[in-house]
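Undergrad: Pasting in a structure now, in C-alpha cells, and then I'll have a few things to ask.
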Amino acid sequence: MKEFAGKTAVITGAASGMGFAMARRFAADGMQIVMADIEQTALKKAEKTLQDEGATTLAVVTDVSDGSSVEALKDAALDRFNAVHVLCNNAGVFANGPIWETPENAWQWVLGVNLWGVIHGIRTFVPLMVEQDEGHVVNTASLAGLIAVPSSGAYNASKHAVVGISETLWHDLAAANSKVKVSVLCPGLVSTNIFMADRNWPERLGERPAGKSALDPTTAGKLLAAQGMDPAAVVELVYQAVVEEKFWILPHPELSPAIVPRFENAVKGVNPVSLGGGLGG
Ligand SMILES: NC(=O)c1ccc[n+]([C@@H]2O[C@H](COP(=O)([O-])OP(=O)(O)OC[C@H]3O[C@@H](n4cnc5c(N)ncnc54)[C@H](O)[C@@H]3O)[C@@H](O)[C@H]2O)c1
C-alpha cells in the first residue's frame, strides 16, 4: 500500500507500547485510526494524545480474545469510517515460568489474547478487505515465534501459531489472486509495558497465578532499559513493510543467528541448543 491519507487503520493493543506507536505512525500519514484496547483509561488517554496531535481517531474498548467484541469493533469502525484498509492484530500479553508449572488459566489467557485475538481479527476483517481487494494485515508475533524462548511456553506457543497463521494467510491470499497483503512482526525486546501485562488479567479466569505470569517489575525494567528497542523505531520498519509489501519484519537482525541454527539443527536431527535463561517479550 502506498497511499494512506483518508484511509482507515484498525489497531489492537493501541493504548500502549507498539500499538500506540503504530497508531501514531499511521496517523502521521493522514490515516483515520481506530484504536482498540481492553484498558479503558489508558485507551482514552492514548486517544487524547493523538487527537491533540491532530489525528482523527475512534477509540473502542475491545477484548480481542472475545469474537463478539471484535465483531462489535468492526461495526463501530464501519459505522464511523465505512471501510478498513490496514489491520494491526497487535494486542498481546506475556506469562512466564516453567512450562509444567504454568496453570491452565494462564494458558487460556495467553492463547486467548495472543492467538485467538489474531484469529478473530482475521476472520472479522479480512473478508471486508478481500471484498474491496485492498488492504494490509500486520500480525504482531515475536522472536518467540521463531525460536523457543526458555520459560515462556504459552507465549512461544501463541507466537509460533501467529507466524504459521500469517504465512498461511499470505499463501491463501496469493492463491485467491487478492491484492490484500500480510506482514508478520517478530521483534526481540522492545521498551513497552509487556512485562506488566498482568494489569489486564481477566477476572473471569479466576485468581491470577501468583508470581508465575510476569517478570517482576524491577527485573523487567532493568532488562528493557538495557536491551529494549524504541517502539517508534520498530514501527518505522512496520510502516516500510506495508509500503513495500514485505512479509517478514525482524527488527533485531543481530538476534537472527539464534534462528538459523534452530532450523539447521531440525533438518540435521541435532538436539536443541540451550538459549540460556530466556529472553521474554
Ligand atoms: N515488548 C516486547 O519486548 C515484545 C517483543 C515481541 C513481541 N511483542 C508483542 O508486541 C505486542 C504489543 O505488546 P507491547 O510490547 O506493546 O506491550 P504493551 O503491554 O505495552 O501493549 C499491549 C497492549 O495490549 C492490550 N491488551 C491486553 N490484553 C488485551 C485484550 N484482551 N484485548 C485488547 N487489548 C489487550 C494492553 O492493554 C496493552 O495496551 C504483543 O503482541 C506482544 O506480545 C512485544
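Ordering of the C-alpha cells sets the chain letters (A, B, ...), residue numbers begin anew at 1 in every chain, and ligands are numbered from 1 in the order given.
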Please identify all protein, DNA and RNA residues within 7 Å of ligand 1, counting only C-alpha atoms and all ligand atoms, and report them as a ChimeraX atom specification.

TA: /A:12-19,36-39,62-65,90-94,113-114,140-143,186-197,200,228,280-281

Undergrad: Name the residues in contact with range 262-273 of chain A at a cut-off of 9 Å, using only C-alpha atoms, excluding same-chain residues fewer than 6 positions from it; report them as a PyMOL selection string.

TA: chain A and resi 146-148

Undergrad: Name the residues of range 69-232 of chain A that come out as strand (DSSP E) in a backbone DSSP run; write them as a PyMOL selection string.

TA: chain A and resi 86-89+136-140+181-185

Undergrad: With C-alpha atoms retained, could you export that selection as an mmCIF file, in the first residue's frame?

TA:
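Once written, selection-v8.cif looks like this:
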```cif
data_model
loop_
_atom_site.group_PDB
_atom_site.id
_atom_site.type_symbol
_atom_site.label_atom_id
_atom_site.label_comp_id
_atom_site.auth_asym_id
_atom_site.auth_seq_id
_atom_site.Cartn_x
_atom_site.Cartn_y
_atom_site.Cartn_z
ATOM 1 C CA VAL A 86 -4.925 -1.609 7.487
ATOM 2 C CA LEU A 87 -5.434 -4.079 10.338
ATOM 3 C CA CYS A 88 -2.779 -4.453 13.035
ATOM 4 C CA ASN A 89 -3.504 -7.532 15.176
ATOM 5 C CA HIS A 136 -2.781 -4.905 4.591
ATOM 6 C CA VAL A 137 -2.760 -7.065 7.734
ATOM 7 C CA VAL A 138 0.110 -6.789 10.229
ATOM 8 C CA ASN A 139 0.195 -9.562 12.817
ATOM 9 C CA THR A 140 2.439 -8.979 15.822
ATOM 10 C CA LYS A 181 -1.129 -8.292 1.762
ATOM 11 C CA VAL A 182 0.138 -9.506 5.123
ATOM 12 C CA SER A 183 3.216 -8.949 7.274
ATOM 13 C CA VAL A 184 4.362 -10.631 10.464
ATOM 14 C CA LEU A 185 6.296 -8.658 13.070
#
```

Undergrad: If you measure from CA of Val84 in chain A to CA of Gly121 in chain A, what distance in Å do you get, rounded to one decimal?

TA: 11.9 Å

Undergrad: Taking into account only C-alpha atoms, which residue in the set A:Val61, A:Ala27, A:Leu223, A:Ala176 is nearest to Thr41 in chain A?

TA: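 Smallest separation from Thr41 in chain A among the options: A:Val61.
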
Undergrad: Which neighbours of Asn82 in chain A fall inside 10 Å, counting only C-alpha atoms, when residues of the same chain fewer than 5 positions from it are skipped, and could you give them as JSON, numbers by chain?

TA: {"A": [7, 8, 74, 75, 76, 77]}

Undergrad: Measuring atom to atom with only C-alpha atoms, identify which of A:Asp172, A:Glu47, A:Asp66, A:Glu245 is nearest to Leu115 in chain A.

TA: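 Distance minimum relative to Leu115 in chain A lands on A:Asp66.
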
Undergrad: Go through range 51-212 of chain A and collect every residue that DSSP, computed from the backbone, puts in helix (DSSP H, G or I); the answer should be as an NGL selection string.

TA: :A and (51-52 or 67-81 or 99-101 or 104-132 or 143-145 or 153-175 or 194-200 or 203-205)

Undergrad: Out of A:Glu131, A:Glu203, A:Asp198, A:Glu167, which residue has the shortest atom-to-atom distance to Val180 in chain A when counting only C-alpha atoms?

TA: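 When distances to Val180 in chain A are compared using only C-alpha atoms, the smallest one comes from A:Glu131.
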
Undergrad: What is the distance, in Å and to one decimal place, between CA of Ile259 in chain A and CA of Met22 in chain A?

TA: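 Separating CA of Ile259 in chain A from CA of Met22 in chain A is a distance of 25.8 Å.
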
Undergrad: Give me, as a list in words, all polymer residues having an atom no more than 6 Å from Val34 in chain A, counting only C-alpha atoms and skipping those fewer than 2 positions away in the same chain.

TA: Val10, Thr57, Leu58 and Ala59 of chain A

Undergrad: Tell me which of A:Thr56, A:Thr49, A:Gln108, A:Asn96 sits closest to Val149 in chain A, counting only C-alpha atoms.

TA: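 Of A:Thr56, A:Thr49, A:Gln108, A:Asn96, the one nearest Val149 in chain A is A:Asn96, counting only C-alpha atoms.
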
Undergrad: With distances taken over only C-alpha atoms, which of A:Glu207, A:Glu3, A:Glu53, A:Asp133 is nearest to Glu104 in chain A?

TA: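 Once distances to Glu104 in chain A are computed over only C-alpha atoms, the minimum belongs to A:Glu207.
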
Undergrad: Restricting the calculation to only C-alpha atoms: of A:His85, A:Arg123, A:Lys222, A:His252, which residue gets closest to Gly6 in chain A?

TA: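 Under the stated criterion, the closest residue is A:His85.
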